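Colleague: Handing over structure.txt, compact mmCIF, C-alpha atoms and all ligand atoms.
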```txt
# COMPACT_ATOMS: atom_id res chain seq x y z
CA MET A 1287 -13.56 -5.33 -4.27
CA GLU A 1288 -13.41 -6.72 -7.82
CA GLY A 1289 -13.14 -3.26 -9.37
CA VAL A 1290 -10.32 -2.38 -6.98
CA THR A 1291 -8.43 -5.54 -7.87
CA ARG A 1292 -8.86 -4.87 -11.59
CA HIS A 1293 -7.57 -1.32 -11.18
CA ALA A 1294 -4.47 -2.54 -9.35
CA GLU A 1295 -3.82 -5.30 -11.89
CA GLU A 1296 -4.16 -2.84 -14.75
CA LEU A 1297 -1.67 -0.51 -13.11
CA LEU A 1298 0.87 -3.32 -12.67
CA ALA A 1299 0.35 -4.45 -16.27
CA GLU A 1300 1.11 -0.92 -17.51
CA VAL A 1301 4.40 -0.62 -15.63
CA PRO A 1302 7.15 -0.67 -18.25
CA ASP A 1303 9.81 -3.38 -18.13
CA TRP A 1304 12.58 -0.97 -17.25
CA ILE A 1305 10.85 -0.26 -13.95
CA TRP A 1306 9.68 -3.79 -13.19
CA ASN A 1307 9.97 -7.04 -15.12
CA HIS A 1308 6.63 -8.28 -13.68
CA ARG A 1309 8.32 -11.22 -11.96
CA SER A 1310 10.99 -10.07 -9.53
CA LEU A 1311 10.06 -9.48 -5.91
CA PRO A 1312 9.46 -7.54 -3.86
CA VAL A 1313 7.43 -5.32 -6.18
CA PRO A 1314 9.35 -1.99 -6.45
CA ILE A 1315 6.45 0.04 -5.14
CA GLU A 1316 8.35 3.30 -4.70
CA ASP A 1317 9.76 3.18 -8.25
CA ILE A 1318 6.25 2.56 -9.55
CA ALA A 1319 4.87 5.53 -7.58
CA ASP A 1320 7.72 7.76 -8.60
CA SER A 1321 8.83 6.81 -12.11
CA HIS A 1322 5.58 5.42 -13.48
CA VAL A 1323 2.80 7.33 -11.73
CA GLY A 1324 4.77 10.54 -11.16
CA LEU A 1325 4.20 10.91 -7.42
CA LEU A 1326 7.02 12.02 -5.16
CA VAL A 1327 7.36 9.84 -2.04
CA ARG A 1328 8.68 11.74 0.96
CA ASP A 1329 9.59 10.37 4.38
CA VAL A 1330 8.48 13.04 6.82
CA GLU A 1331 9.21 13.25 10.54
CA ASP A 1332 6.29 15.46 11.50
CA MET A 1333 3.21 14.62 9.46
CA THR A 1334 1.24 17.40 11.11
CA THR A 1335 3.21 19.92 9.04
CA ALA A 1336 1.13 18.88 6.00
CA PRO A 1337 -1.23 21.61 4.85
CA GLY A 1338 -4.69 20.94 6.26
CA CYS A 1339 -3.64 18.20 8.65
CA PRO A 1340 -6.45 17.39 11.09
CA GLU A 1341 -5.98 17.11 14.85
CA VAL A 1342 -4.78 13.57 15.45
CA GLY A 1343 -5.39 13.46 19.20
CA ALA A 1344 -3.68 11.18 21.65
CA ASP A 1345 -4.96 7.94 20.16
CA GLY A 1346 -3.19 7.96 16.90
CA SER A 1347 -0.72 9.22 14.42
CA ILE A 1348 -0.81 9.74 10.68
CA SER A 1349 0.85 6.86 8.81
CA GLY A 1350 0.57 8.30 5.34
CA LEU A 1351 -1.09 11.00 3.36
CA LEU A 1352 -1.77 11.98 -0.21
CA LEU A 1353 -1.44 15.57 -1.39
CA ALA A 1354 -3.08 15.03 -4.75
CA GLY A 1355 -2.67 18.61 -5.94
CA ASP A 1356 1.08 18.52 -5.26
CA ARG A 1357 1.45 14.92 -6.49
CA GLU A 1358 3.10 13.91 -3.23
CA ILE A 1359 2.81 10.93 -0.93
CA TRP A 1360 4.10 11.46 2.59
CA VAL A 1361 5.13 8.51 4.69
CA ASN A 1362 5.59 8.63 8.45
CA ALA A 1363 9.40 8.47 8.75
CA ALA A 1364 9.50 7.03 12.28
CA GLU A 1365 7.16 4.18 11.33
CA ALA A 1366 9.12 3.56 8.16
CA ARG A 1367 12.35 3.15 10.13
CA GLU A 1368 10.75 0.82 12.62
CA TRP A 1369 8.71 -1.28 10.16
CA PRO A 1370 10.12 -1.11 6.60
CA PRO A 1371 7.35 -3.37 5.20
CA ARG A 1372 4.78 -0.97 6.59
CA ARG A 1373 6.36 1.87 4.59
CA ARG A 1374 5.76 -0.15 1.43
CA PHE A 1375 2.18 -0.86 2.40
CA THR A 1376 1.54 2.81 3.14
CA ILE A 1377 2.86 3.80 -0.31
CA GLY A 1378 0.55 1.22 -1.90
CA HIS A 1379 -2.36 2.47 0.21
CA GLU A 1380 -1.81 6.08 -0.89
CA LEU A 1381 -1.51 4.93 -4.51
CA GLY A 1382 -4.93 3.37 -3.99
CA HIS A 1383 -6.33 6.73 -2.93
CA TRP A 1384 -4.65 8.33 -5.96
CA PHE A 1385 -6.31 5.98 -8.44
CA LEU A 1386 -9.61 5.41 -6.67
CA HIS A 1387 -10.44 8.52 -4.66
CA ARG A 1388 -8.39 11.32 -6.10
CA ASP A 1389 -9.66 14.82 -5.76
CA ALA A 1390 -7.20 17.63 -6.38
CA GLN A 1391 -9.07 19.82 -3.92
CA ARG A 1392 -8.72 17.38 -1.10
CA SER A 1393 -5.84 15.83 0.76
CA LEU A 1394 -6.22 12.41 2.34
CA PHE A 1395 -4.81 11.75 5.79
CA CYS A 1396 -4.53 8.13 6.84
CA ARG A 1397 -4.28 7.28 10.50
CA HIS A 1398 -2.14 4.48 11.82
CA GLY A 1399 -5.13 2.25 12.56
CA THR A 1400 -6.52 2.51 9.05
CA VAL A 1401 -3.40 1.48 7.09
CA ASP A 1402 -2.58 -2.24 7.14
CA PRO A 1403 -4.47 -2.89 10.39
CA ASP A 1404 -3.81 -6.15 12.20
CA GLY A 1405 -5.87 -9.03 10.90
CA GLY A 1406 -8.91 -9.88 13.00
CA VAL A 1407 -11.31 -7.39 14.41
CA THR A 1408 -9.77 -5.67 17.39
CA ALA A 1409 -12.23 -5.41 20.24
CA GLY A 1410 -13.98 -2.10 20.07
CA ARG A 1411 -12.41 -1.06 16.81
CA PRO A 1412 -14.99 0.62 14.63
CA PRO A 1413 -15.22 -0.64 11.05
CA LEU A 1414 -12.97 1.21 8.65
CA ASP A 1415 -14.21 3.87 6.31
CA PRO A 1416 -14.94 2.09 2.98
CA ILE A 1417 -12.35 4.15 1.12
CA GLU A 1418 -9.69 3.02 3.62
CA GLU A 1419 -10.71 -0.62 3.06
CA GLU A 1420 -10.42 -0.07 -0.68
CA ALA A 1421 -7.00 1.55 -0.36
CA ASN A 1422 -5.78 -1.38 1.74
CA TRP A 1423 -7.14 -3.86 -0.79
CA PHE A 1424 -5.44 -1.93 -3.60
CA ALA A 1425 -2.12 -1.94 -1.70
CA ALA A 1426 -2.35 -5.69 -1.10
CA SER A 1427 -3.13 -6.31 -4.77
CA LEU A 1428 -0.06 -4.30 -5.84
CA LEU A 1429 2.41 -5.65 -3.30
CA MET A 1430 1.19 -9.26 -3.41
CA PRO A 1431 -0.07 -9.84 -6.97
CA ALA A 1432 -2.39 -12.86 -6.90
CA ASP A 1433 -0.57 -14.88 -9.58
CA LEU A 1434 2.84 -14.36 -7.97
CA VAL A 1435 1.52 -15.21 -4.50
CA ARG A 1436 0.07 -18.47 -5.84
CA ARG A 1437 3.30 -19.31 -7.68
CA HIS A 1438 5.51 -18.73 -4.64
CA TYR A 1439 3.02 -20.40 -2.31
CA ARG A 1440 3.37 -23.55 -4.40
CA ARG A 1441 7.14 -23.21 -4.76
CA THR A 1442 7.72 -22.80 -1.01
CA GLY A 1443 5.12 -25.34 0.04
CA GLY A 1444 3.18 -22.59 1.77
CA ASP A 1445 6.10 -21.41 3.93
CA PHE A 1446 4.54 -18.36 5.59
CA ASP A 1447 7.76 -16.74 6.83
CA ALA A 1448 9.40 -17.21 3.44
CA LEU A 1449 6.44 -15.57 1.72
CA CYS A 1450 6.56 -12.56 4.07
CA ALA A 1451 10.27 -12.19 3.26
CA ILE A 1452 9.90 -12.66 -0.51
CA PHE A 1453 7.12 -10.09 -0.76
CA ASN A 1454 8.56 -7.90 2.04
CA CYS A 1455 5.16 -7.68 3.70
CA SER A 1456 3.99 -7.77 7.29
CA ARG A 1457 2.60 -11.01 8.67
CA ALA A 1458 -0.82 -9.38 9.06
CA ALA A 1459 -0.85 -8.25 5.44
CA MET A 1460 0.34 -11.60 4.10
CA GLY A 1461 -2.11 -13.52 6.27
CA ARG A 1462 -5.02 -11.53 4.89
CA ARG A 1463 -3.75 -11.84 1.33
CA LEU A 1464 -3.44 -15.62 1.50
CA HIS A 1465 -7.08 -15.79 2.58
CA GLN A 1466 -7.98 -13.68 -0.46
CA VAL A 1467 -6.10 -15.53 -3.17
CA ILE A 1468 -5.31 -19.10 -2.13
ZN ZN B 1 -6.08 6.02 3.59
```
Show this structure as structure tokens.
Ligand SMILES: [Zn+2]
Modeller:
Amino acid sequence: MEGVTRHAEELLAEVPDWIWNHRSLPVPIEDIADSHVGLLVRDVEDMTTAPGCPEVGADGSISGLLLAGDREIWVNAAEAREWPPRRRFTIGHELGHWFLHRDAQRSLFCRHGTVDPDGGVTAGRPPLDPIEEEANWFAASLLMPADLVRRHYRRTGGDFDALCAIFNCSRAAMGRRLHQVI
């Protein structure tokens, strides 16, 4: 995942100061997607209205999708209302697809279980598609930059709840990130 991390760090480094001062938290992920990368983020009630949306079946819903040709990220509006940190993670995940797997001919549809999945391996859950793992890693690297996580980990004495609040991330996402960078 080194290449993915480097990509995410390069993106953050390029963000101009008027969008983000590279210190304040949480990272303004939507402003970065919108004002820096030029992708419109839309909260959409019915994700199946996206052109080319696959059958989702009873087991899942679409959390986010990337319409590369239209330069749009769609976020599942119901999920976003219920779990605001998840909305941020989904935007970061779709940004990962934009930088790592973009193909103007193809739209990417990300199911609930593939975006910011709960930590450990859920019994019976098949391993994620490698591009979904990469998009999750990219999102974590953007939302929880390694140097800032280490700084605030030291400052708070490793206060897990405080870190989740400061970075506005889910407990699952922060738990995984601490394993990666501390
Ligand atoms: Zn995805």
Colleague: Which value, in Å to one decimal, gives the distance between CA of Cys1396 in chain A and CA of Asp1329 in chain A?
Modeller: 14.5 Å
Colleague: List all protein, DNA and RNA residues that have at least one atom no more than 8 Å from any atom of ligand ZN 1 (chain B), counting only C-alpha atoms and all ligand atoms, and write them as number ranges by chain.
Modeller: A: 1350-1351, 1379-1380, 1383, 1394-1397, 1400-1401, 1417-1418, 1421-1422
Colleague: Nearest to Arg1309 in chain A among A:Val1327, A:Ala1366, A:Leu1429, A:Val1290, with distances taken over only C-alpha atoms: which residue is it?
Modeller: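 Among the listed residues, the smallest separation from Arg1309 in chain A belongs to A:Leu1429.
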Colleague: Could you list, as a list of chain:residue names, every residue within 12 Å of Trp1304 in chain A, counting all atoms listed in the file and ignoring same-chain residues fewer than 3 positions away?
Modeller: A:Glu1300, A:Val1301, A:Asn1307, A:His1308, A:Pro1314, A:Asp1317, A:Ile1318, A:Ser1321, A:His1322
Colleague: For Ala1425 in chain A, which residue out of A:Val1313, A:Met1333, A:Val1467, A:Ala1363 is the nearest one, using only C-alpha atoms?
Modeller: A:Val1313
Colleague: Grab the CA of Ile1348 in chain A to CA of Phe1385 in chain A distance for me, in Å with one decimal place.
Modeller: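 Between CA of Ile1348 in chain A and CA of Phe1385 in chain A the gap works out to 20.2 Å.
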Colleague: List every protein, DNA or RNA residue with an atom no more than 12 Å from (0.7, -19.2, -4.7) in the file's coordinates, counting all atoms listed in the file, and format the result as a PyMOL selection string.
Modeller: chain A and resi 1430-1446+1449+1453+1460+1463-1468
Colleague: For range 1310-1314 of chain A, take all atoms listed in the file, fit an axis-aligned box around them, add 5 Å to each of the six sides, then output centre and edge lengths in Å rounded to one decimal, as JSON.
Modeller:
```
{"center_x": 9.2, "center_y": -6.0, "center_z": -6.7, "size_x": 13.6, "size_y": 18.1, "size_z": 15.7}
```
Colleague: Measuring between all atoms listed in the file, which one of A:Ala1458, A:Ile1315, A:Ala1294, A:Ala1364 shows the shortest distance to Asp1332 in chain A?
Modeller: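 Residue with the minimum atom-to-atom distance to Asp1332 in chain A: A:Ala1364.
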Colleague: What does the distance between CA of Asp1320 in chain A and CA of Ser1393 in chain A come to in Å, to one decimal place?
Modeller: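 A separation of 18.3 Å between them.
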Colleague: Identify which of the residues A:Leu1353, A:Pro1412, A:Leu1325, A:Phe1424 lies closest to Gly1338 in chain A, counting only C-alpha atoms when measuring atom-to-atom distances.
Modeller: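 With only C-alpha atoms as the atom set, the closest residue is A:Leu1353.
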Colleague: Just checking: using only C-alpha atoms, which residue out of A:Ser1427, A:Gly1355, A:Thr1335, A:Arg1367 ends up closest to Gly1382 in chain A?
Modeller: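 Nearest candidate to Gly1382 in chain A out of A:Ser1427, A:Gly1355, A:Thr1335, A:Arg1367: A:Ser1427.
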Colleague: Restricting the calculation to only C-alpha atoms, which member of A:Trp1423, A:Phe1375, A:Trp1384, A:Trp1306 is positioned closest to Cys1455 in chain A?
Modeller: A:Phe1375
Colleague: Compile the contact shell of Arg1328 in chain A as a PyMOL selection string: residues with an atom at most 10 Å away, counting only C-alpha atoms, same-chain residues fewer than 4 positions apart removed.
Modeller: chain A and resi 1350+1358-1363+1377
Colleague: Would you export the selected residues with C-alpha atoms as a CSV table (one decimal), keeping the file's coordinate frame, please?
Modeller:
```csv
chain,number,residue,atom,x,y,z
A,1350,GLY,CA,0.6,8.3,5.3
A,1358,GLU,CA,3.1,13.9,-3.2
A,1359,ILE,CA,2.8,10.9,-0.9
A,1360,TRP,CA,4.1,11.5,2.6
A,1361,VAL,CA,5.1,8.5,4.7
A,1362,ASN,CA,5.6,8.6,8.4
A,1363,ALA,CA,9.4,8.5,8.8
A,1377,ILE,CA,2.9,3.8,-0.3
```
Colleague: Give me range 1322-1344 of chain A with N, CA and C atoms filled in, as an mmCIF file, keeping the file's coordinate frame.
Modeller:
```
data_model
loop_
_atom_site.group_PDB
_atom_site.id
_atom_site.type_symbol
_atom_site.label_atom_id
_atom_site.label_comp_id
_atom_site.auth_asym_id
_atom_site.auth_seq_id
_atom_site.Cartn_x
_atom_site.Cartn_y
_atom_site.Cartn_z
ATOM 1 N N HIS A 1322 6.695 5.747 -12.595
ATOM 2 C CA HIS A 1322 5.580 5.420 -13.480
ATOM 3 C C HIS A 1322 4.388 6.352 -13.257
ATOM 4 N N VAL A 1323 4.006 6.542 -12.007
ATOM 5 C CA VAL A 1323 2.800 7.330 -11.730
ATOM 6 C C VAL A 1323 3.132 8.829 -11.619
ATOM 7 N N GLY A 1324 4.384 9.129 -11.254
ATOM 8 C CA GLY A 1324 4.770 10.540 -11.160
ATOM 9 C C GLY A 1324 4.405 11.180 -9.836
ATOM 10 N N LEU A 1325 4.457 10.386 -8.761
ATOM 11 C CA LEU A 1325 4.200 10.910 -7.420
ATOM 12 C C LEU A 1325 5.499 10.875 -6.619
ATOM 13 N N LEU A 1326 5.824 11.975 -5.989
ATOM 14 C CA LEU A 1326 7.020 12.020 -5.160
ATOM 15 C C LEU A 1326 6.709 11.420 -3.791
ATOM 16 N N VAL A 1327 7.524 10.451 -3.360
ATOM 17 C CA VAL A 1327 7.360 9.840 -2.040
ATOM 18 C C VAL A 1327 8.345 10.502 -1.081
ATOM 19 N N ARG A 1328 7.825 11.073 -0.016
ATOM 20 C CA ARG A 1328 8.680 11.740 0.960
ATOM 21 C C ARG A 1328 8.515 11.090 2.328
ATOM 22 N N ASP A 1329 9.625 10.837 2.996
ATOM 23 C CA ASP A 1329 9.590 10.370 4.380
ATOM 24 C C ASP A 1329 9.636 11.608 5.264
ATOM 25 N N VAL A 1330 8.620 11.796 6.075
ATOM 26 C CA VAL A 1330 8.480 13.040 6.820
ATOM 27 C C VAL A 1330 8.406 12.740 8.315
ATOM 28 N N GLU A 1331 9.188 13.481 9.087
ATOM 29 C CA GLU A 1331 9.210 13.250 10.540
ATOM 30 C C GLU A 1331 7.924 13.720 11.204
ATOM 31 N N ASP A 1332 7.466 14.896 10.845
ATOM 32 C CA ASP A 1332 6.290 15.460 11.500
ATOM 33 C C ASP A 1332 5.165 15.628 10.476
ATOM 34 N N MET A 1333 4.271 14.636 10.466
ATOM 35 C CA MET A 1333 3.210 14.620 9.460
ATOM 36 C C MET A 1333 2.229 15.783 9.654
ATOM 37 N N THR A 1334 2.208 16.327 10.861
ATOM 38 C CA THR A 1334 1.240 17.400 11.110
ATOM 39 C C THR A 1334 1.643 18.698 10.411
ATOM 40 N N THR A 1335 2.829 18.721 9.792
ATOM 41 C CA THR A 1335 3.210 19.920 9.040
ATOM 42 C C THR A 1335 2.532 19.963 7.667
ATOM 43 N N ALA A 1336 1.821 18.889 7.299
ATOM 44 C CA ALA A 1336 1.130 18.880 6.000
ATOM 45 C C ALA A 1336 0.022 19.930 6.019
ATOM 46 N N PRO A 1337 -0.154 20.624 4.900
ATOM 47 C CA PRO A 1337 -1.230 21.610 4.850
ATOM 48 C C PRO A 1337 -2.588 20.942 5.072
ATOM 49 N N GLY A 1338 -3.353 21.473 6.010
ATOM 50 C CA GLY A 1338 -4.690 20.940 6.260
ATOM 51 C C GLY A 1338 -4.749 19.742 7.171
ATOM 52 N N CYS A 1339 -3.644 19.399 7.802
ATOM 53 C CA CYS A 1339 -3.640 18.200 8.650
ATOM 54 C C CYS A 1339 -4.636 18.349 9.801
ATOM 55 N N PRO A 1340 -5.483 17.318 9.992
ATOM 56 C CA PRO A 1340 -6.450 17.390 11.090
ATOM 57 C C PRO A 1340 -5.761 17.144 12.440
ATOM 58 N N GLU A 1341 -6.438 17.484 13.512
ATOM 59 C CA GLU A 1341 -5.980 17.110 14.850
ATOM 60 C C GLU A 1341 -5.935 15.592 14.924
ATOM 61 N N VAL A 1342 -4.826 15.029 15.375
ATOM 62 C CA VAL A 1342 -4.780 13.570 15.450
ATOM 63 C C VAL A 1342 -5.162 13.071 16.836
ATOM 64 N N GLY A 1343 -5.024 13.899 17.861
ATOM 65 C CA GLY A 1343 -5.390 13.460 19.200
ATOM 66 C C GLY A 1343 -4.381 12.473 19.746
ATOM 67 N N ALA A 1344 -4.647 12.020 20.963
ATOM 68 C CA ALA A 1344 -3.680 11.180 21.650
ATOM 69 C C ALA A 1344 -3.690 9.745 21.121
#
```
